[in-house]
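With TSV, C-alpha atoms inside, this is model_8.tsv:
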```tsv
chain	number	residue	atom	x	y	z
P	121	MET	CA	90.95	-99.46	12.19
P	122	GLU	CA	87.43	-100.71	11.57
P	123	LEU	CA	85.53	-99.22	8.65
P	124	GLY	CA	81.87	-99.71	7.72
P	125	LEU	CA	81.22	-99.23	3.99
P	126	LEU	CA	77.66	-98.59	2.83
P	127	TYR	CA	77.23	-101.39	0.31
P	128	SER	CA	74.77	-102.08	-2.53
P	129	GLY	CA	76.41	-105.03	-4.29
P	130	GLY	CA	77.13	-102.78	-7.28
P	131	LYS	CA	80.44	-101.92	-8.89
P	132	ASP	CA	81.00	-98.55	-7.22
P	133	SER	CA	80.71	-99.65	-3.62
P	134	THR	CA	82.72	-102.80	-4.37
P	135	LEU	CA	85.51	-100.77	-5.97
P	136	ALA	CA	85.43	-98.39	-3.00
P	137	ALA	CA	86.15	-101.38	-0.76
P	138	LEU	CA	89.17	-102.34	-2.87
P	139	VAL	CA	90.55	-98.77	-2.65
P	140	LEU	CA	90.32	-98.80	1.16
P	141	GLU	CA	91.29	-102.44	1.75
P	142	ARG	CA	94.95	-101.63	2.38
P	143	PHE	CA	94.17	-99.25	5.22
P	144	TYR	CA	91.11	-100.59	7.08
P	145	ASP	CA	89.38	-103.73	8.34
P	146	ILE	CA	86.29	-103.36	6.18
P	147	THR	CA	82.74	-104.48	6.82
P	148	LEU	CA	80.35	-104.08	3.89
P	149	VAL	CA	77.12	-102.76	5.39
P	150	THR	CA	73.84	-102.98	3.48
P	151	ALA	CA	71.05	-100.77	4.73
P	152	HIS	CA	67.47	-101.75	3.95
P	153	PHE	CA	63.90	-101.18	5.11
P	154	GLY	CA	62.73	-104.76	5.48
P	155	VAL	CA	60.26	-104.13	2.66
P	156	THR	CA	61.68	-106.77	0.32
P	157	ASP	CA	64.48	-109.30	0.71
P	158	GLU	CA	66.51	-107.86	-2.14
P	159	TRP	CA	69.27	-106.82	0.26
P	160	GLU	CA	70.21	-110.52	0.21
P	161	HIS	CA	71.76	-109.83	-3.22
P	162	ALA	CA	74.26	-107.57	-1.50
P	163	ARG	CA	75.15	-110.37	0.90
P	164	GLU	CA	75.77	-112.68	-2.07
P	165	ALA	CA	77.96	-110.07	-3.80
P	166	ALA	CA	79.81	-109.50	-0.53
P	167	ASP	CA	80.35	-113.25	-0.13
P	168	ALA	CA	81.99	-113.27	-3.57
P	169	THR	CA	84.52	-110.65	-2.44
P	170	ASP	CA	85.76	-112.03	0.91
P	171	PHE	CA	84.88	-108.86	2.83
P	172	ALA	CA	82.89	-109.09	6.06
P	173	PHE	CA	79.19	-108.27	5.69
P	174	ALA	CA	76.51	-106.76	7.90
P	175	GLU	CA	72.99	-105.48	7.32
P	176	ILE	CA	71.11	-102.78	9.17
P	177	GLU	CA	67.43	-102.02	9.00
P	178	LEU	CA	66.48	-98.38	8.61
P	179	ASP	CA	63.35	-96.74	10.01
P	180	GLN	CA	60.53	-97.35	7.56
P	181	ASP	CA	59.32	-93.77	8.02
P	182	VAL	CA	62.40	-92.73	6.04
P	183	ALA	CA	61.26	-94.88	3.12
P	184	GLU	CA	57.77	-93.39	3.25
P	185	GLU	CA	59.23	-89.87	3.26
P	186	ALA	CA	61.44	-90.80	0.29
P	187	VAL	CA	58.50	-92.21	-1.67
P	188	ASP	CA	56.48	-89.05	-0.99
P	189	LEU	CA	59.40	-86.89	-2.16
P	190	MET	CA	59.80	-88.92	-5.36
P	191	ARG	CA	56.07	-88.78	-6.13
P	192	GLU	CA	55.97	-85.00	-5.56
P	193	ASP	CA	59.10	-84.43	-7.64
P	194	GLY	CA	58.31	-86.90	-10.43
P	195	TYR	CA	61.95	-88.07	-10.29
P	196	PRO	CA	63.90	-90.13	-7.74
P	197	ARG	CA	66.86	-87.90	-6.93
P	198	ASN	CA	65.79	-86.19	-3.71
P	199	GLY	CA	64.17	-89.33	-2.35
P	200	ILE	CA	67.35	-91.35	-2.86
P	201	GLN	CA	69.45	-88.56	-1.36
P	202	HIS	CA	67.16	-88.54	1.70
P	203	VAL	CA	67.62	-92.28	2.21
P	204	HIS	CA	71.39	-92.13	1.64
P	205	GLU	CA	71.83	-89.48	4.32
P	206	HIS	CA	69.84	-91.55	6.81
P	207	ALA	CA	71.80	-94.68	5.91
P	208	LEU	CA	75.12	-92.89	6.56
P	209	GLU	CA	73.83	-91.74	9.96
P	210	ALA	CA	72.80	-95.31	10.75
P	211	VAL	CA	76.19	-96.79	9.78
P	212	ALA	CA	77.92	-94.02	11.76
P	213	ASP	CA	75.97	-95.17	14.85
P	214	GLU	CA	77.41	-98.69	14.59
P	215	GLY	CA	80.68	-97.85	16.35
P	216	PHE	CA	83.12	-98.02	13.43
P	217	ASP	CA	86.28	-95.85	13.47
P	218	ALA	CA	85.45	-94.78	9.93
P	219	ILE	CA	82.55	-95.06	7.50
P	220	ALA	CA	82.51	-94.78	3.72
P	221	ASP	CA	80.33	-94.96	0.64
P	222	GLY	CA	80.81	-95.45	-3.10
P	223	THR	CA	79.86	-91.98	-4.35
P	224	ARG	CA	81.86	-90.96	-7.43
P	225	ARG	CA	83.03	-87.58	-8.70
P	226	ASP	CA	80.44	-87.57	-11.48
P	227	ASP	CA	77.46	-88.82	-9.45
P	228	ARG	CA	74.52	-86.45	-9.35
P	229	VAL	CA	72.90	-88.44	-6.57
P	230	PRO	CA	73.64	-89.28	-3.86
P	231	THR	CA	76.11	-86.54	-3.06
P	232	VAL	CA	77.69	-85.64	0.27
P	233	SER	CA	79.01	-82.07	0.42
P	234	ARG	CA	82.16	-81.15	2.30
P	235	ALA	CA	79.97	-79.47	4.96
P	236	GLN	CA	77.77	-82.57	5.32
P	237	ALA	CA	80.86	-84.76	5.59
P	238	GLN	CA	82.32	-82.56	8.33
P	239	SER	CA	79.01	-82.50	10.22
P	240	LEU	CA	78.69	-86.28	10.06
P	241	GLU	CA	82.26	-86.66	11.36
P	242	ASP	CA	81.81	-84.17	14.18
P	243	ARG	CA	78.45	-85.47	15.41
P	244	HIS	CA	79.43	-89.14	15.39
P	245	ASP	CA	83.18	-88.82	16.13
P	246	VAL	CA	83.88	-90.92	13.05
P	247	ASP	CA	85.90	-90.41	9.87
P	248	TYR	CA	83.79	-90.29	6.71
P	249	LEU	CA	85.48	-91.32	3.45
P	250	SER	CA	84.19	-91.19	-0.10
P	251	PRO	CA	87.16	-92.92	-1.75
P	252	LEU	CA	85.77	-92.63	-5.29
P	253	SER	CA	84.89	-88.95	-5.12
P	254	GLY	CA	88.16	-88.12	-6.86
P	255	PHE	CA	87.60	-90.75	-9.59
P	256	GLY	CA	85.84	-89.88	-12.85
P	257	ARG	CA	83.53	-92.17	-14.77
P	258	ARG	CA	86.11	-93.55	-17.20
P	259	ALA	CA	88.67	-94.26	-14.49
P	260	VAL	CA	86.04	-96.14	-12.49
P	261	ASP	CA	85.00	-98.15	-15.56
P	262	ARG	CA	88.61	-99.08	-16.32
P	263	LEU	CA	89.35	-100.17	-12.76
P	264	VAL	CA	86.08	-102.12	-12.53
P	265	ASN	CA	86.93	-103.93	-15.79
P	266	ALA	CA	90.36	-104.80	-14.45
P	267	GLU	CA	89.26	-105.87	-10.96
P	268	LEU	CA	85.64	-107.07	-10.94
P	269	ASP	CA	83.43	-109.65	-12.61
P	270	VAL	CA	80.35	-107.53	-13.27
P	271	GLN	CA	76.91	-108.04	-14.84
P	272	VAL	CA	75.36	-104.98	-16.52
P	273	GLY	CA	71.75	-104.55	-17.60
P	274	PRO	CA	68.49	-102.63	-17.19
P	275	SER	CA	67.45	-101.88	-13.61
P	276	GLU	CA	64.61	-104.39	-13.56
P	277	GLU	CA	66.75	-107.34	-14.73
P	278	ILE	CA	69.78	-106.95	-12.48
P	279	PRO	CA	69.76	-108.31	-8.94
P	280	ARG	CA	70.34	-105.36	-6.68
P	281	ALA	CA	70.22	-104.33	-3.11
P	282	ASP	CA	70.39	-100.57	-3.05
P	283	TYR	CA	67.50	-98.52	-1.74
P	284	GLU	CA	66.02	-98.12	-5.18
P	285	ALA	CA	64.63	-101.66	-5.29
P	286	GLU	CA	62.71	-101.23	-2.07
P	287	LEU	CA	61.56	-97.73	-2.94
P	288	ARG	CA	60.24	-99.11	-6.26
P	289	ALA	CA	58.38	-101.83	-4.38
P	290	LEU	CA	56.89	-99.33	-1.96
P	291	LEU	CA	55.88	-97.05	-4.82
P	292	ALA	CA	54.16	-99.92	-6.63
P	293	GLU	CA	52.46	-101.12	-3.44
P	294	GLU	CA	51.09	-97.70	-2.56
P	295	HIS	CA	50.57	-96.10	-5.95
P	296	GLY	CA	50.58	-98.87	-8.59
P	297	GLU	CA	53.12	-99.96	-11.21
P	298	GLU	CA	52.50	-96.80	-13.22
P	299	ALA	CA	54.04	-94.72	-10.42
P	300	ILE	CA	57.37	-96.51	-10.95
P	301	ARG	CA	57.47	-95.57	-14.62
P	302	GLU	CA	56.60	-91.97	-13.73
P	303	VAL	CA	59.42	-91.63	-11.23
P	304	PHE	CA	62.24	-93.82	-12.57
P	305	PRO	CA	63.66	-93.35	-16.05
P	306	ASP	CA	65.16	-96.45	-17.69
P	307	HIS	CA	68.78	-96.97	-16.82
P	308	ASP	CA	71.35	-99.72	-16.53
P	309	GLN	CA	72.58	-101.12	-13.24
P	310	THR	CA	75.48	-103.36	-12.36
P	311	TYR	CA	75.82	-106.34	-10.07
P	312	VAL	CA	79.13	-107.75	-8.90
P	313	HIS	CA	79.63	-111.51	-9.24
P	314	GLY	CA	83.13	-111.48	-7.77
P	315	LEU	CA	86.73	-110.41	-8.15
P	316	ARG	CA	88.66	-111.27	-11.32
P	317	GLU	CA	91.21	-114.09	-11.01
L	21	MET	CA	97.98	-98.76	-16.62
L	22	GLU	CA	100.63	-96.08	-16.19
L	23	LEU	CA	99.87	-93.22	-13.80
L	24	GLY	CA	101.89	-90.05	-13.21
L	25	LEU	CA	101.35	-88.60	-9.72
L	26	LEU	CA	102.30	-84.98	-9.10
L	27	TYR	CA	104.69	-85.36	-6.18
L	28	SER	CA	106.10	-83.00	-3.55
L	29	GLY	CA	107.76	-85.41	-1.12
L	30	GLY	CA	105.10	-84.52	1.49
L	31	LYS	CA	102.65	-86.78	3.26
L	32	ASP	CA	99.62	-86.10	1.09
L	33	SER	CA	101.12	-86.97	-2.26
L	34	THR	CA	102.90	-89.98	-0.74
L	35	LEU	CA	99.65	-91.27	0.77
L	36	ALA	CA	97.91	-90.68	-2.57
L	37	ALA	CA	100.46	-93.03	-4.15
L	38	LEU	CA	99.69	-95.73	-1.58
L	39	VAL	CA	95.94	-95.42	-2.28
L	40	LEU	CA	96.48	-95.91	-6.02
L	41	GLU	CA	99.32	-98.45	-5.85
L	42	ARG	CA	96.99	-101.45	-6.20
L	43	PHE	CA	95.57	-100.23	-9.50
L	44	TYR	CA	98.34	-98.46	-11.41
L	45	ASP	CA	102.04	-98.52	-12.28
L	46	ILE	CA	102.90	-95.27	-10.56
L	47	THR	CA	105.59	-92.74	-11.38
L	48	LEU	CA	106.01	-89.94	-8.86
L	49	VAL	CA	106.51	-86.78	-10.91
L	50	THR	CA	107.99	-83.66	-9.36
L	51	ALA	CA	107.46	-80.44	-11.28
L	52	HIS	CA	109.88	-77.57	-10.74
L	53	PHE	CA	111.15	-74.38	-12.36
L	54	GLY	CA	114.88	-74.98	-12.22
L	55	VAL	CA	115.15	-72.02	-9.84
L	56	THR	CA	116.56	-74.00	-6.93
L	57	ASP	CA	117.54	-77.66	-6.54
L	58	GLU	CA	115.02	-78.32	-3.78
L	59	TRP	CA	113.11	-80.72	-6.02
L	60	GLU	CA	115.93	-83.16	-5.20
L	61	HIS	CA	114.24	-83.61	-1.80
L	62	ALA	CA	111.27	-85.14	-3.64
L	63	ARG	CA	113.60	-87.57	-5.38
L	64	GLU	CA	115.03	-88.58	-1.99
L	65	ALA	CA	111.54	-89.07	-0.52
L	66	ALA	CA	110.54	-91.04	-3.61
L	67	ASP	CA	113.66	-93.23	-3.28
L	68	ALA	CA	112.54	-94.05	0.28
L	69	THR	CA	109.19	-95.34	-1.01
L	70	ASP	CA	110.20	-97.63	-3.91
L	71	PHE	CA	108.02	-95.82	-6.45
L	72	ALA	CA	109.51	-94.75	-9.79
L	73	PHE	CA	110.44	-91.06	-9.98
L	74	ALA	CA	110.59	-88.44	-12.70
L	75	GLU	CA	111.02	-84.67	-12.76
L	76	ILE	CA	109.69	-82.18	-15.26
L	77	GLU	CA	110.70	-78.56	-15.63
L	78	LEU	CA	107.87	-76.05	-16.00
L	79	ASP	CA	108.02	-72.85	-18.02
L	80	GLN	CA	109.61	-70.20	-15.82
L	81	ASP	CA	107.04	-67.67	-17.06
L	82	VAL	CA	104.50	-69.55	-14.96
L	83	ALA	CA	106.61	-68.95	-11.85
L	84	GLU	CA	106.88	-65.25	-12.65
L	85	GLU	CA	103.12	-65.01	-13.11
L	86	ALA	CA	102.59	-66.82	-9.80
L	87	VAL	CA	104.97	-64.49	-7.95
L	88	ASP	CA	103.19	-61.46	-9.41
L	89	LEU	CA	99.82	-62.88	-8.32
L	90	MET	CA	101.06	-63.53	-4.79
L	91	ARG	CA	102.56	-60.05	-4.48
L	92	GLU	CA	99.36	-58.42	-5.72
L	93	ASP	CA	97.17	-60.54	-3.44
L	94	GLY	CA	99.41	-60.43	-0.36
L	95	TYR	CA	98.78	-64.16	0.10
L	96	PRO	CA	99.99	-67.24	-1.79
L	97	ARG	CA	96.74	-69.02	-2.66
L	98	ASN	CA	96.10	-67.92	-6.24
L	99	GLY	CA	99.76	-68.12	-7.18
L	100	ILE	CA	100.04	-71.70	-5.97
L	101	GLN	CA	96.77	-72.61	-7.70
L	102	HIS	CA	98.14	-71.13	-10.94
L	103	VAL	CA	101.28	-73.26	-10.72
L	104	HIS	CA	99.35	-76.41	-9.77
L	105	GLU	CA	97.12	-76.13	-12.82
L	106	HIS	CA	100.12	-75.73	-15.10
L	107	ALA	CA	101.88	-78.65	-13.44
L	108	LEU	CA	98.86	-80.93	-14.03
L	109	GLU	CA	98.80	-79.89	-17.70
L	110	ALA	CA	102.50	-80.67	-17.96
L	111	VAL	CA	102.15	-84.13	-16.38
L	112	ALA	CA	99.13	-84.80	-18.62
L	113	ASP	CA	101.38	-84.14	-21.63
L	114	GLU	CA	103.79	-86.90	-20.59
L	115	GLY	CA	101.74	-89.74	-22.12
L	116	PHE	CA	100.45	-91.46	-18.97
L	117	ASP	CA	97.09	-93.28	-19.03
L	118	ALA	CA	96.14	-91.44	-15.86
L	119	ILE	CA	97.45	-88.57	-13.76
L	120	ALA	CA	96.80	-87.74	-10.11
L	121	ASP	CA	97.63	-85.35	-7.31
L	122	GLY	CA	97.44	-85.30	-3.53
L	123	THR	CA	94.67	-82.74	-3.02
L	124	ARG	CA	92.51	-83.49	0.02
L	125	ARG	CA	88.85	-82.81	0.80
L	126	ASP	CA	89.73	-80.02	3.22
L	127	ASP	CA	92.41	-78.32	1.13
L	128	ARG	CA	91.67	-74.70	0.27
L	129	VAL	CA	94.51	-74.64	-2.24
L	130	PRO	CA	95.19	-76.16	-4.67
L	131	THR	CA	91.72	-77.27	-5.66
L	132	VAL	CA	90.59	-78.87	-8.91
L	133	SER	CA	86.87	-78.50	-9.57
L	134	ARG	CA	84.80	-81.21	-11.22
L	135	ALA	CA	84.62	-79.04	-14.36
L	136	GLN	CA	88.40	-78.50	-14.39
L	137	ALA	CA	88.94	-82.24	-13.94
L	138	GLN	CA	86.64	-83.06	-16.83
L	139	SER	CA	88.32	-80.46	-19.06
L	140	LEU	CA	91.78	-81.80	-18.25
L	141	GLU	CA	90.62	-85.34	-19.06
L	142	ASP	CA	88.95	-84.36	-22.34
L	143	ARG	CA	91.76	-82.19	-23.67
L	144	HIS	CA	94.54	-84.65	-22.88
L	145	ASP	CA	92.61	-87.94	-23.23
L	146	VAL	CA	93.82	-88.92	-19.77
L	147	ASP	CA	92.07	-89.92	-16.53
L	148	TYR	CA	92.60	-87.44	-13.69
L	149	LEU	CA	92.37	-88.80	-10.15
L	150	SER	CA	92.46	-86.97	-6.83
L	151	PRO	CA	92.43	-90.04	-4.58
L	152	LEU	CA	92.43	-88.06	-1.33
L	153	SER	CA	89.60	-85.70	-2.26
L	154	GLY	CA	87.18	-87.92	-0.34
L	155	PHE	CA	89.45	-88.08	2.74
L	156	GLY	CA	89.14	-85.54	5.57
L	157	ARG	CA	92.00	-84.17	7.61
L	158	ARG	CA	91.77	-86.62	10.51
L	159	ALA	CA	91.51	-89.67	8.26
L	160	VAL	CA	94.61	-88.53	6.36
L	161	ASP	CA	96.50	-87.94	9.61
L	162	ARG	CA	95.59	-91.39	10.92
L	163	LEU	CA	96.61	-93.15	7.71
L	164	VAL	CA	99.85	-91.16	7.49
L	165	ASN	CA	100.69	-92.12	11.09
L	166	ALA	CA	100.04	-95.76	10.30
L	167	GLU	CA	101.88	-95.90	6.98
L	168	LEU	CA	104.59	-93.24	6.77
L	169	ASP	CA	107.69	-92.10	8.62
L	170	VAL	CA	107.16	-88.35	8.56
L	171	GLN	CA	109.01	-85.28	9.80
L	172	VAL	CA	106.84	-82.26	10.71
L	173	GLY	CA	107.99	-78.70	11.29
L	174	PRO	CA	107.85	-75.06	10.20
L	175	SER	CA	108.05	-74.45	6.45
L	176	GLU	CA	111.57	-73.07	6.50
L	177	GLU	CA	113.08	-76.03	8.43
L	178	ILE	CA	111.55	-78.93	6.49
L	179	PRO	CA	113.16	-80.15	3.28
L	180	ARG	CA	110.54	-79.77	0.61
L	181	ALA	CA	110.10	-79.86	-3.09
L	182	ASP	CA	106.70	-78.36	-3.79
L	183	TYR	CA	106.39	-75.18	-5.75
L	184	GLU	CA	106.33	-73.04	-2.62
L	185	ALA	CA	110.06	-73.38	-2.03
L	186	GLU	CA	110.93	-72.08	-5.47
L	187	LEU	CA	108.30	-69.37	-5.37
L	188	ARG	CA	109.74	-68.21	-2.04
L	189	ALA	CA	113.21	-68.12	-3.59
L	190	LEU	CA	111.97	-66.13	-6.57
L	191	LEU	CA	110.10	-63.73	-4.31
L	192	ALA	CA	113.23	-63.14	-2.21
L	193	GLU	CA	115.42	-62.74	-5.28
L	194	GLU	CA	113.14	-60.20	-6.90
L	195	HIS	CA	111.58	-58.43	-3.93
L	196	GLY	CA	113.74	-59.19	-0.88
L	197	GLU	CA	113.23	-61.41	2.17
L	198	GLU	CA	110.51	-59.13	3.49
L	199	ALA	CA	108.26	-60.09	0.56
L	200	ILE	CA	108.27	-63.71	1.77
L	201	ARG	CA	106.99	-62.72	5.20
L	202	GLU	CA	104.31	-60.55	3.59
L	203	VAL	CA	102.97	-63.33	1.40
L	204	PHE	CA	103.47	-66.53	3.42
L	205	PRO	CA	102.01	-66.97	6.89
L	206	ASP	CA	103.90	-69.34	9.22
L	207	HIS	CA	102.77	-72.91	8.87
L	208	ASP	CA	104.05	-76.43	9.34
L	209	GLN	CA	105.07	-78.71	6.52
L	210	THR	CA	105.81	-82.41	6.38
L	211	TYR	CA	108.53	-84.42	4.72
L	212	VAL	CA	108.40	-88.16	4.19
L	213	HIS	CA	111.44	-90.19	5.24
L	214	GLY	CA	109.95	-93.52	4.15
L	215	LEU	CA	107.34	-96.17	4.76
L	216	ARG	CA	106.86	-97.68	8.21
L	217	GLU	CA	108.21	-101.21	8.67
```
Step by step, read the file and then write its structure as C-alpha cells.
Amino acid sequence: MELGLLYSGGKDSTLAALVLERFYDITLVTAHFGVTDEWEHAREAADATDFAFAEIELDQDVAEEAVDLMREDGYPRNGIQHVHEHALEAVADEGFDAIADGTRRDDRVPTVSRAQAQSLEDRHDVDYLSPLSGFGRRAVDRLVNAELDVQVGPSEEIPRADYEAELRALLAEEHGEEAIREVFPDHDQTYVHGLRE
Amino acid sequence: MELGLLYSGGKDSTLAALVLERFYDITLVTAHFGVTDEWEHAREAADATDFAFAEIELDQDVAEEAVDLMREDGYPRNGIQHVHEHALEAVADEGFDAIADGTRRDDRVPTVSRAQAQSLEDRHDVDYLSPLSGFGRRAVDRLVNAELDVQVGPSEEIPRADYEAELRALLAEEHGEEAIREVFPDHDQTYVHGLRE
C-alpha cells in the first residue's frame, strides 16, 4: 500500500516514517507555497533517509489567510493549523492509499481531531494515520536519539522546510521583520541529517 | 529499551506489537484475575508470534468492582475501563522502560486520555505508548489482513484472554447467565493464530 507522509525534514515526521515503514511504501511529501526554496531542506533530509520524496505546491491564498490569522491573533497557532489542514487535503488528493503526518500526543498545534480524521478519510476515500499521536514527548525523544542523527537549535539557525519558514518570510515581506517577533516566540527546531549507523 | 505491552491475544494488541517491534524489546503481558484459565489463550497467541510473554495477576477486588459497575450500568463500558486502568498500573509496576496497549483511535472503551497518560508516566517514571491511537478502523483492518492470521467470530465462540472473559464468568457465577446477556451485547471478537508467511 502506498502512503504519503506530510514531511518537514524534522525529527517528528522522520520518526513517523520509521514507525510506518514496515507496513507501507512511503513517499515523504513536502508541501510548500513556492514563496522560498526552503522546502529543498526537506528533500535533503529525505535523501539522507532513503525514503522516496515528493513536493506539492499549495494555493498561495492559504498562506495569505494563515498570515492574516497569525497577525490578528498575535501568535502562530491558528495560522499553522489552517495550513496543516490544507496540506493534508492536498496530500489526500494525490491518490495514495493512506496519508499520514508527524503530529504527537503532546502537540498543541497542529492537531487533527478524531472527527477531522474521519471526515478526511470519508471525503477522500483514504486512510489517515497519525502514528505518533500515541507517543509522548519523552518516548519520541528517546526513539529519535536511538534512530536519527539530528541537529537542534533556535528556529532561525536550523535549516527547515515546514510551513513556518515560508509564513515567516511572507510576514516579513508584508509587515516587516518586527511582525515575525510579534507572532513567533523563540523556540528550538530540529533538522534530520540522517539515520544512525 | 524494554517495553511491556498489555496483551489480549486479539488483533489490536498483536498489531500494536508489530508497530513497536523496531524500537523496543517487547514482552506481551496478559493481565488476569485468576478466575478462569482463559488467559492461556493469550500465551498461545503470543507463542505464535515469537514475542516474549508474561502474565500478571490483578487484585480480584478490581474484578468485583468492575462487575458491580457493569451490573449497575447495564453495559460493560465503565467496568472494562476500570480494569484496563488497573492493568496499566500493574504493568507499569513491572519495571519496564515503557508500557503500551492496543487502544485504537475509534475505540470507545478502553480509552486513555492525554492527562491519564501523562499521570501514568509521571507516577511510574515510564513511557506510555498507545501505538494504534492514530490508526482508524479501516487502516487497522487492512494491516491486520496483511500481517496476521486471524479468526473472527462471536464473543462466545472465539478463544480470548482479555478481561471480558473473566468478567463474564464472574457475572455468571454471582448473578446467573442472564446477567451476561443483560450487560454484554452480541459482538464479534478476533483471535490471532499467528503471523502471515
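Atom pair atom CA of Leu149 of chain L / atom CA of Phe255 of chain P has a distance of 5.2 Å (rounded to one decimal).
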* To do: Enumerate as a PyMOL selection string the residues belonging to chain P that approach chain L to within 10 Å, with all atoms listed in the file taken into account.
  => chain P and resi 121+138-144+217-218+220-221+223-226+232-235+237-238+241+246-260+262-263+266-267
If you count all atoms listed in the file, which residues fall within 10 Å of segment 294-300 of chain P, apart from same-chain ones fewer than 3 positions away, as an mmCIF file with C-alpha atoms, keeping the file's coordinate frame?
```
data_model
loop_
_atom_site.group_PDB
_atom_site.id
_atom_site.type_symbol
_atom_site.label_atom_id
_atom_site.label_comp_id
_atom_site.auth_asym_id
_atom_site.auth_seq_id
_atom_site.Cartn_x
_atom_site.Cartn_y
_atom_site.Cartn_z
ATOM 1 C CA GLU P 184 57.770 -93.390 3.250
ATOM 2 C CA VAL P 187 58.500 -92.210 -1.670
ATOM 3 C CA MET P 190 59.800 -88.920 -5.360
ATOM 4 C CA ARG P 191 56.070 -88.780 -6.130
ATOM 5 C CA GLY P 194 58.310 -86.900 -10.430
ATOM 6 C CA TYR P 195 61.950 -88.070 -10.290
ATOM 7 C CA PRO P 196 63.900 -90.130 -7.740
ATOM 8 C CA LEU P 287 61.560 -97.730 -2.940
ATOM 9 C CA ARG P 288 60.240 -99.110 -6.260
ATOM 10 C CA ALA P 289 58.380 -101.830 -4.380
ATOM 11 C CA LEU P 290 56.890 -99.330 -1.960
ATOM 12 C CA LEU P 291 55.880 -97.050 -4.820
ATOM 13 C CA VAL P 303 59.420 -91.630 -11.230
ATOM 14 C CA PHE P 304 62.240 -93.820 -12.570
ATOM 15 C CA PRO P 305 63.660 -93.350 -16.050
#
```
* To do: Compile the contact shell of Tyr283 of chain P as a VMD selection string: residues with an atom at most 12 Å away, counting all atoms listed in the file, same-chain residues fewer than 3 positions apart removed.
  => chain P and resid 126 to 130 150 to 159 162 177 to 178 180 182 to 183 186 to 187 196 to 197 199 to 207 230 280 286 to 290
Expected answer as a JSON list (two decimals) with C-alpha atoms, in the coordinates of the input: all residues with atoms within 10 Å of (78.8, -106.4, -15.8), all atoms listed in the file:
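Output saved as result.json:
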```json
[["chain", "number", "residue", "atom", "x", "y", "z"],
["P", 130, "GLY", "CA", 77.13, -102.78, -7.28],
["P", 131, "LYS", "CA", 80.44, -101.92, -8.89],
["P", 264, "VAL", "CA", 86.08, -102.12, -12.53],
["P", 265, "ASN", "CA", 86.93, -103.93, -15.79],
["P", 268, "LEU", "CA", 85.64, -107.07, -10.94],
["P", 269, "ASP", "CA", 83.43, -109.65, -12.61],
["P", 270, "VAL", "CA", 80.35, -107.53, -13.27],
["P", 271, "GLN", "CA", 76.91, -108.04, -14.84],
["P", 272, "VAL", "CA", 75.36, -104.98, -16.52],
["P", 273, "GLY", "CA", 71.75, -104.55, -17.60],
["P", 278, "ILE", "CA", 69.78, -106.95, -12.48],
["P", 309, "GLN", "CA", 72.58, -101.12, -13.24],
["P", 310, "THR", "CA", 75.48, -103.36, -12.36],
["P", 311, "TYR", "CA", 75.82, -106.34, -10.07],
["P", 312, "VAL", "CA", 79.13, -107.75, -8.90],
["P", 313, "HIS", "CA", 79.63, -111.51, -9.24]]
```
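For the pair atom CA of Glu114 of chain L and atom CA of Ser33 of chain L, the interatomic distance is 18.5 Å.
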* Structure fact -> atom CA of Thr34 of chain L sits from atom CA of Thr69 of chain L at a separation of 8.3 Å
Padding of 6 Å on every side, edges along x, y and z, all listed atoms of segment 67-71 of chain L included: what centre and edge lengths in Å, to one decimal, does that box have, as AutoDock Vina command-line options?
```
--center_x 110.8 --center_y -95.4 --center_z -3.1 --size_x 17.6 --size_y 16.4 --size_z 18.7
```
* Ref. answer, residues at most 12 Å from (100.9, -86.6, -22.9) with only C-alpha atoms, as a ChimeraX atom specification -> /L:22-24,108-119,140-141,143-147
